[in-house]
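Okay, so here's the structure we're looking at.
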Amino acid sequence: MWKKRLFLFVTPLLLSACTSSEEDSSAQEESNNNYQEMSDETTEFSIAANPGEHPNISFSPDSNIEILTEEDDEQTYYFKDLNGNGELDSFEDWRESSETRAEAFVEELSMDQIAGLMLFSSHERDQSDGLTEEQENYLENDDLRNVLHAGPNDVEDSVQWTNQMQSFVEGLGTEDEPIIPVNISSDPRSTAGESATYNSEGDISRWPSNLGMAATFSPKIVSQFANMSSQEYRALGMTEALGPQIDLASEPRWLRVEGTFGEGSQLAAALAEAYVNYSQSSFDEDGNDLGWGTDSITTQIKHFPGDGPGEGGREAHLFQGKFGVYPGDNLKEHLKVFVDGGLNLSGETKEASSVMTSYSIQTDKDGNPLIGDDYVGTAYNGDIINILRDDNNYEGKLVTDWGVTGENSEEVGYGEKFMGSGFGMEDATEEERHFEILKAGMDMFGGNNEKEPVLEAYKMWQEDYENGDLEQSAEDRFKESGERIVKSMFDLGLFEDPYVDIDDSTEAVGSKDKVDAGYKAQLNSAVMLKNKDNTIAPTDNMDEYKDQVVYIPSTMRDPHESSIGDAEPFRGPSMDVETAEKYFGEVVTDTEIKDDEGNVTGYEQPDNLDDVDLVIAGMASPDNGENFSFAGIKDDNETYYPLSLQYRPYTADGDNVRKESIAGNKEEDGSKQNRSYYGETSDIANEYDLDAVLNASELAEKADHDIPIVVAMDAKNPVIMSEFEDKVDAIVVGFGISDNALLDVILGDHEPNGLLPMQFPKDMDTVEEQFEDVPKDMKSYKDSEGNTYDFGYGLNYNGVIEDERIEKYVE
C-alpha cells in the first residue's frame, strides 16, 4: 500500500518532482490550497478542479493516492497516479482517448483484477447500512468492480454508499495492482405505476413504462426521458443502466412485455436509438451532441438476440421458459431492433456500450437449434454471439443475464433456488460454465460475486491453448475482455471523478423540471380505446368535479408464488381513493366482508348509486405472474398450463392449441419432452377485477339516472376486451402510469394522445394461432363502437387518431 501522497509537477515533455524538502513542502501546500474539501457526512473527499471543461479530479485523502500535476501556459492540470509510479502514464492522461487508455491500462492489471472486472454483482437491495463487510470482501478479495444497486431512490443513502465504495477501492491500489473505481448500475427505476421495479420509497421523476413510452410513438419523449433519468442516475451514484430492454414483443402473453418498446420493429428501433444516444451523450441548449459528459451513463441493451418469443409466453428466468421458438422463421426482425436501434451500427449516433444476452435456447419450428448445433442458452452459444462480434463488428462488452452459471431450477423445485438458468449446461460444473461462456465470446458474468470460478476458467483456457485446441492464450483472452470493460469506465470519467456531491444530488434528483416532464410523458402515453357518446370530453374547469360523487369498486388480487418472495395479496378499491379525493367531492367504494380471522373474503356494494355521478373502475391486465413466479408450470414441475390474456379461466382445448410443444428437453430415450398445455386451464391472479366492473355495471343500470362507467386500465400486456367492453362507456389504458395521470385524462384535463404499441386480440383463439416470433399477426378486437384495437390505434376527442406517427411507424 502507498504510505504517502506526492504532488508532482509535469511538463509536456518531462515529469519531474521537486527535490528539496522546502520545495516539496511548498508544492504540497500550494496544491492543497487548490483542492476543495468535500463531505457527505460519511466520507471525506477532495476535488482538484482542472481548467475549463476538462474533468475534475476527485479523490479520498485517506487513500494516500498521488496526484500528478502538469504546468502548461500558466495553467495547472491534475491527474491521478493510478499505479503509484510517480509518472504520468497514458492510461492516467484524460486527454487520451478511452480506447488508448483502455489498451494501455489492461497491461497494468493482474489476471485477478481482470477476473474481478468480469463479475457483475448480485442485487444490493439496501444502501442504508452503508458499505458492509460482505461488500468490502468482494471488492478487496474478489476484485469485483461492477455493482448492481437494487435499493430505493434514497439520495443520502445512495450517495454515501457510493462514496464509501469509491474511497475503499481507491485505498486498495498498489504498484502491482492499480486503482480501479466502482461502476454502479441499476435496473429500470423510473416507472410511475405500481409495477415500477423499485418504487417503494424515495423520490425520483416518474415516467411511463417502456411500453408506455412506445405508446407515445415519440423518440423525442424517450430522448428527454433518457437525458433526465441519466442525470438522476448519476446523482444517485449510478453510472450504468441495465437497459433499455429492447426485445421485440412478438408474443403477447410474455411476462416481460411491459419492459419492451412494443411489437413494432421500426418503432422499437427508433426508441432504442433515442434512449441509448441521449443516455450516453451530453447536449447543449441547441441540442448539439457534446459527447460523453458528467451526466452520461452507459447503457446495456437487452436481451440479445431478443427474448420475446418464449414458447407460450413463458419467461426464461426459470426453467418453464427455457425455449424461445421461431415457428415463423423471423429472427431477422428481432435482430433488426438491436442492429438498427440499440447498436445503431450506421454510426450516426453512439452504439450501446454493452449488450446483455438472453437466457433462452432458440429453436426453429421443428424444435431444432436455430443457430448452431447445440441446445444451449445464448450466453453459451458462440454462433449467436458471432452475429454481434463478426457479422456486425460490435466491440462493446457482452454481459450474461443474471445467474446463468447457477444450477438449474428445474432440478430443485419451487422456492429452493433464487434462479438458475444454465440452460443446456445442467450437467457441467460451475467452472465449466464460466469457461464455455468465455469461449462463446462473452465478457462478464451477471449476478456473480466470486472470481474463483473465473480464474479456474482461465486455467482451463490456458490448458486448451497449450494443447492446441484454442488459438488465443488465456492472458490475451482475459485482456481482450478487460479492455472492453475498462473502456466504458474511461468513457464515464470514473477514473477521474468517481465521487458524488450530495448537495448537487439532492438538487438534481426529483427536480421540478424532471418531475413535470415525466408527468407530461405519462399523460401523453395514455391510450383512449373507447369513448361512447363523448363520455370523456375536455373541461376548462376541473373544480366542477368537486361537487360530484364517484364510485370506485373494490377488487381482490392474489399474486402467484415467487422464488424470490411472495407478494402480499391486495384487498381494496381498484383506484387510489386518496388520489381520487383530490378530484371529487366524495368517493364511494365497497364495504369489506371479513371472515372470523379478519381476512377480506368479498365486498358488499352500496345499496344504490342514485347519488353517484360517475363510476371509475380500475383494472390491471390479467395477471399470469411475474419473472420469478413459475408462471405456466404447476407445482408438480411437470404439468404446463396456458398463460392467458382474459380474466375468466381459459381452457386451452381449441383447434389452434399445440398438442405437442415445439421445443422441449431431450429425454433419456432420445425423444423430446412435450411441454404442451393442451387441455389445461389458466391461473389468473386478478380475476376479481372483472367481477368488480361487471358488478358496478349492474348496479349502475339500476340507478335512477344514467351513470357513465369508465375503465382505467393499468396494462402490462394486451388484454382481451370482450369480457367487459360492451358494458362500459369509456376505456383509458395506461402502461405503468399513475392514477393521477389516468384521472387527468378521464376527466378531460388532458386530451389523450397515445397509440396502442401492441395489438389487443379478439380472443384467445387468435392468440393461439399466432406465431411467437412474428409481431402483429393476430385478429384484433373490434368493439361495440366499430373500432378495431390494432397496433397504432387510439382515440382523441375528435375520434380515431390519424397523424404523422401512424404514417411513420405503422407498417
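Chain identifiers are assigned as A, B, and so on, following the order in which chains appear in the C-alpha cells; residues are numbered from 1 within each chain, and ligands are numbered from 1 in order of appearance.
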
Item to check | Nearby residues (only C-alpha atoms) at most 10 Å from A:Ile385, same-chain spacing under 6 positions excluded, as a PyMOL selection string | outcome: chain A and resi 304-305+357+378-379+391+394+398+440-442

Take the selection from the previous step and output its residues with C-alpha atoms, as a compact mmCIF listing (two decimals), in the first residue's frame.
# COMPACT_ATOMS: atom_id res chain seq x y z
CA PHE A 304 -29.86 -10.25 -27.42
CA PRO A 305 -30.95 -11.72 -29.83
CA THR A 357 -27.75 -11.71 -23.73
CA THR A 378 -27.47 -17.65 -25.60
CA ALA A 379 -24.50 -16.93 -23.31
CA ASP A 391 -21.31 -10.04 -38.59
CA TYR A 394 -19.51 -4.97 -32.27
CA LEU A 398 -21.13 -8.55 -23.56
CA ALA A 440 -18.62 -18.19 -26.67
CA GLY A 441 -17.20 -14.66 -26.65
CA MET A 442 -18.82 -13.13 -23.56

Within 6 Å of stretch 79-95 of chain A using only C-alpha atoms, minus same-chain residues under 6 positions, as a PDB file with N, CA, C and O atoms, in the first residue's frame:
ATOM      1  N   GLU A  66      -1.505   9.410  -5.054  1.00  0.00           N
ATOM      2  CA  GLU A  66      -0.685  10.506  -5.534  1.00  0.00           C
ATOM      3  C   GLU A  66      -1.440  11.289  -6.608  1.00  0.00           C
ATOM      4  O   GLU A  66      -2.063  10.707  -7.487  1.00  0.00           O
ATOM      5  N   ILE A  67      -1.354  12.606  -6.523  1.00  0.00           N
ATOM      6  CA  ILE A  67      -1.951  13.470  -7.525  1.00  0.00           C
ATOM      7  C   ILE A  67      -0.825  14.114  -8.318  1.00  0.00           C
ATOM      8  O   ILE A  67       0.074  14.752  -7.758  1.00  0.00           O
ATOM      9  N   LEU A  68      -0.843  13.909  -9.629  1.00  0.00           N
ATOM     10  CA  LEU A  68       0.167  14.467 -10.521  1.00  0.00           C
ATOM     11  C   LEU A  68      -0.348  15.781 -11.103  1.00  0.00           C
ATOM     12  O   LEU A  68      -1.540  15.940 -11.340  1.00  0.00           O
ATOM     13  N   ARG A 101      -6.417   4.601 -23.659  1.00  0.00           N
ATOM     14  CA  ARG A 101      -6.221   4.395 -22.225  1.00  0.00           C
ATOM     15  C   ARG A 101      -6.532   2.950 -21.827  1.00  0.00           C
ATOM     16  O   ARG A 101      -5.806   2.333 -21.036  1.00  0.00           O
ATOM     17  N   ALA A 104      -3.822   0.494 -22.895  1.00  0.00           N
ATOM     18  CA  ALA A 104      -2.629   0.579 -22.061  1.00  0.00           C
ATOM     19  C   ALA A 104      -2.891   0.081 -20.647  1.00  0.00           C
ATOM     20  O   ALA A 104      -2.030  -0.560 -20.029  1.00  0.00           O
ATOM     21  N   PHE A 105      -4.083   0.347 -20.128  1.00  0.00           N
ATOM     22  CA  PHE A 105      -4.369   0.038 -18.734  1.00  0.00           C
ATOM     23  C   PHE A 105      -4.403  -1.457 -18.468  1.00  0.00           C
ATOM     24  O   PHE A 105      -3.937  -1.926 -17.422  1.00  0.00           O
ATOM     25  N   GLU A 175       1.400  -0.831  -6.516  1.00  0.00           N
ATOM     26  CA  GLU A 175       2.145  -0.698  -7.766  1.00  0.00           C
ATOM     27  C   GLU A 175       1.864  -1.856  -8.707  1.00  0.00           C
ATOM     28  O   GLU A 175       1.930  -1.714  -9.924  1.00  0.00           O
ATOM     29  N   PRO A 178      -3.105  -1.556  -9.913  1.00  0.00           N
ATOM     30  CA  PRO A 178      -3.533  -0.158  -9.839  1.00  0.00           C
ATOM     31  C   PRO A 178      -5.010  -0.005  -9.466  1.00  0.00           C
ATOM     32  O   PRO A 178      -5.784  -0.964  -9.493  1.00  0.00           O
ATOM     33  N   ILE A 179      -5.361   1.219  -9.139  1.00  0.00           N
ATOM     34  CA  ILE A 179      -6.722   1.542  -8.703  1.00  0.00           C
ATOM     35  C   ILE A 179      -7.713   1.353  -9.841  1.00  0.00           C
ATOM     36  O   ILE A 179      -7.494   1.800 -10.972  1.00  0.00           O
TER      37      ILE A 179
END

Item to check | Nearest candidate to A:Met444 (options A:Gly308, A:Gly585, A:Gly116, A:Pro569; using only C-alpha atoms) | outcome: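 Of the candidates, the smallest distance to A:Met444 is held by A:Gly116.
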
Next on the checklist: Between A:Ser621, A:Thr639, A:Asn330, A:Ser511, which residue has the minimum interatomic distance to A:Phe760, considering only C-alpha atoms?
Outcome noted: A:Ser621

Report as a Markdown table: every residue of stretch 625-715 of chain A with an atom at most 12 Å from stretch 239-251 of chain A, its closest pair of atoms, and their distance in Å to one decimal, counting only C-alpha atoms, with rows sorted by chain and ascending residue number.
| residue | atom | partner | partner_atom | distance |
| --- | --- | --- | --- | --- |
| A:Leu643 | CA | A:Glu251 | CA | 11.1 |
| A:Ser644 | CA | A:Glu251 | CA | 11.7 |
| A:Leu645 | CA | A:Glu251 | CA | 11.4 |

Can you spit out the residues from that selection as a short mmCIF file (atom, residue, chain, number, x, y, z; two decimals), in the first residue's frame, using C-alpha atoms?
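What follows is the written file part-v3.cif:
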data_model
loop_
_atom_site.label_atom_id
_atom_site.label_comp_id
_atom_site.auth_asym_id
_atom_site.auth_seq_id
_atom_site.Cartn_x
_atom_site.Cartn_y
_atom_site.Cartn_z
CA LEU A 643 -50.89 -18.12 -19.94
CA SER A 644 -53.97 -16.10 -20.80
CA LEU A 645 -54.99 -12.57 -21.78
#

Checklist entry - Which residue gives the smallest distance to A:Asp491 among A:Asp427, A:Asp295, A:Asp611, A:Glu768, with only C-alpha atoms counted? => result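 The shortest atom-to-atom distance to A:Asp491 comes from A:Asp295.
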
Next on the checklist: Give me, as a ChimeraX atom specification, the residues of stretch 308-486 of chain A that a backbone DSSP run labels alpha helix (DSSP H).
Outcome noted: /A:331-336,382-386,430-440,452-466,474-486

For C-alpha atoms, I'd like the residues from the last selection saved as a PDB file, in the first residue's frame.
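The resulting file, selection.pdb, is reproduced below:
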ATOM      1  CA  LEU A 331     -35.184 -13.982 -36.223  1.00  0.00           C
ATOM      2  CA  LYS A 332     -34.157 -11.260 -38.664  1.00  0.00           C
ATOM      3  CA  GLU A 333     -36.838  -8.858 -37.431  1.00  0.00           C
ATOM      4  CA  HIS A 334     -35.824  -9.387 -33.804  1.00  0.00           C
ATOM      5  CA  LEU A 335     -32.201  -8.665 -34.685  1.00  0.00           C
ATOM      6  CA  LYS A 336     -33.275  -5.512 -36.527  1.00  0.00           C
ATOM      7  CA  GLY A 382     -20.813 -18.748 -29.794  1.00  0.00           C
ATOM      8  CA  ASP A 383     -22.696 -18.847 -33.096  1.00  0.00           C
ATOM      9  CA  ILE A 384     -25.223 -16.338 -31.767  1.00  0.00           C
ATOM     10  CA  ILE A 385     -22.521 -14.171 -30.188  1.00  0.00           C
ATOM     11  CA  ASN A 386     -20.752 -14.078 -33.551  1.00  0.00           C
ATOM     12  CA  GLU A 430     -19.748 -24.095 -12.294  1.00  0.00           C
ATOM     13  CA  GLU A 431     -16.193 -23.637 -13.528  1.00  0.00           C
ATOM     14  CA  GLU A 432     -17.009 -25.321 -16.848  1.00  0.00           C
ATOM     15  CA  ARG A 433     -19.971 -22.994 -17.308  1.00  0.00           C
ATOM     16  CA  HIS A 434     -17.714 -19.967 -16.894  1.00  0.00           C
ATOM     17  CA  PHE A 435     -15.238 -21.472 -19.349  1.00  0.00           C
ATOM     18  CA  GLU A 436     -17.869 -22.163 -22.012  1.00  0.00           C
ATOM     19  CA  ILE A 437     -19.284 -18.645 -21.661  1.00  0.00           C
ATOM     20  CA  LEU A 438     -15.833 -17.172 -22.246  1.00  0.00           C
ATOM     21  CA  LYS A 439     -15.340 -19.457 -25.233  1.00  0.00           C
ATOM     22  CA  ALA A 440     -18.617 -18.193 -26.667  1.00  0.00           C
ATOM     23  CA  GLU A 452     -12.528 -18.146  -8.219  1.00  0.00           C
ATOM     24  CA  PRO A 453     -14.626 -19.873 -10.927  1.00  0.00           C
ATOM     25  CA  VAL A 454     -13.394 -17.265 -13.420  1.00  0.00           C
ATOM     26  CA  LEU A 455      -9.783 -17.982 -12.504  1.00  0.00           C
ATOM     27  CA  GLU A 456     -10.455 -21.708 -12.874  1.00  0.00           C
ATOM     28  CA  ALA A 457     -11.851 -20.968 -16.328  1.00  0.00           C
ATOM     29  CA  TYR A 458      -8.582 -19.128 -17.054  1.00  0.00           C
ATOM     30  CA  LYS A 459      -6.640 -22.302 -16.223  1.00  0.00           C
ATOM     31  CA  MET A 460      -8.936 -24.384 -18.453  1.00  0.00           C
ATOM     32  CA  TRP A 461      -8.454 -21.942 -21.295  1.00  0.00           C
ATOM     33  CA  GLN A 462      -4.681 -21.947 -20.959  1.00  0.00           C
ATOM     34  CA  GLU A 463      -4.570 -25.729 -20.873  1.00  0.00           C
ATOM     35  CA  ASP A 464      -6.590 -25.951 -24.085  1.00  0.00           C
ATOM     36  CA  TYR A 465      -4.380 -23.281 -25.643  1.00  0.00           C
ATOM     37  CA  GLU A 466      -1.229 -25.173 -24.791  1.00  0.00           C
ATOM     38  CA  ALA A 474      -5.740 -17.202 -21.708  1.00  0.00           C
ATOM     39  CA  GLU A 475      -3.906 -13.977 -20.861  1.00  0.00           C
ATOM     40  CA  ASP A 476      -4.744 -12.396 -24.212  1.00  0.00           C
ATOM     41  CA  ARG A 477      -8.361 -13.545 -23.944  1.00  0.00           C
ATOM     42  CA  PHE A 478      -8.736 -12.013 -20.484  1.00  0.00           C
ATOM     43  CA  LYS A 479      -7.091  -8.776 -21.577  1.00  0.00           C
ATOM     44  CA  GLU A 480      -9.492  -8.594 -24.513  1.00  0.00           C
ATOM     45  CA  SER A 481     -12.495  -8.598 -22.159  1.00  0.00           C
ATOM     46  CA  GLY A 482     -10.740  -6.389 -19.627  1.00  0.00           C
ATOM     47  CA  GLU A 483     -10.109  -3.756 -22.275  1.00  0.00           C
ATOM     48  CA  ARG A 484     -13.779  -3.627 -23.260  1.00  0.00           C
ATOM     49  CA  ILE A 485     -14.868  -3.331 -19.640  1.00  0.00           C
ATOM     50  CA  VAL A 486     -12.496  -0.555 -18.599  1.00  0.00           C
TER      51      VAL A 486
END

Item to check | Distance query A:Thr191 at most 12 Å, only C-alpha atoms, self and fewer than 2 positions along chain excluded, as a ChimeraX atom specification | outcome: /A:187-189,193-200,203-213,225,229,258-259,515,518-519,521-522,734-738

Next on the checklist: Could you list, as a count of residues only, every residue within 8 Å of A:Glu311, counting only C-alpha atoms and ignoring same-chain residues fewer than 2 positions away?
Outcome noted: 10

Item to check | Secondary structure check, strand (DSSP E) residues of stretch 430-619 of chain A, as a PyMOL selection string | outcome: chain A and resi 445-446+527-531+549-551+554-557+570-573+586-588+591-594+600-604+614-619

Dump of C-alpha atoms for the selected residues, as a short mmCIF file (atom, residue, chain, number, x, y, z; two decimals), in the first residue's frame:
data_model
loop_
_atom_site.label_atom_id
_atom_site.label_comp_id
_atom_site.auth_asym_id
_atom_site.auth_seq_id
_atom_site.Cartn_x
_atom_site.Cartn_y
_atom_site.Cartn_z
CA PHE A 445 -20.95 -12.78 -15.62
CA GLY A 446 -24.17 -11.23 -14.32
CA VAL A 527 -54.44 5.46 -24.83
CA MET A 528 -58.18 6.04 -25.06
CA LEU A 529 -59.72 2.93 -26.61
CA LYS A 530 -63.42 3.72 -26.23
CA ASN A 531 -65.39 6.92 -25.75
CA VAL A 549 -69.61 11.82 -6.37
CA VAL A 550 -67.57 9.00 -7.90
CA TYR A 551 -67.98 5.30 -7.21
CA SER A 554 -63.08 -2.64 -4.89
CA THR A 555 -61.15 -5.68 -6.01
CA MET A 556 -59.12 -8.65 -4.78
CA ARG A 557 -55.79 -9.73 -6.21
CA PHE A 570 -54.32 -6.88 -2.34
CA ARG A 571 -57.76 -6.06 -0.99
CA GLY A 572 -59.19 -2.62 -1.59
CA PRO A 573 -60.50 0.00 -4.01
CA GLU A 586 -66.97 12.38 -2.43
CA VAL A 587 -65.56 8.95 -3.19
CA VAL A 588 -67.83 5.93 -2.64
CA THR A 591 -67.65 -2.40 2.21
CA GLU A 592 -65.31 -5.24 3.09
CA ILE A 593 -66.69 -8.63 4.14
CA LYS A 594 -64.34 -10.41 6.54
CA VAL A 600 -61.32 -9.95 3.44
CA THR A 601 -63.36 -12.54 1.56
CA GLY A 602 -65.55 -10.28 -0.54
CA TYR A 603 -67.37 -6.96 -0.75
CA GLU A 604 -70.78 -5.52 -0.15
CA LEU A 614 -69.55 8.69 -12.35
CA VAL A 615 -68.14 5.16 -11.98
CA ILE A 616 -64.39 4.69 -12.48
CA ALA A 617 -63.22 1.09 -12.22
CA GLY A 618 -59.51 0.37 -12.08
CA MET A 619 -58.33 -2.80 -13.78
#
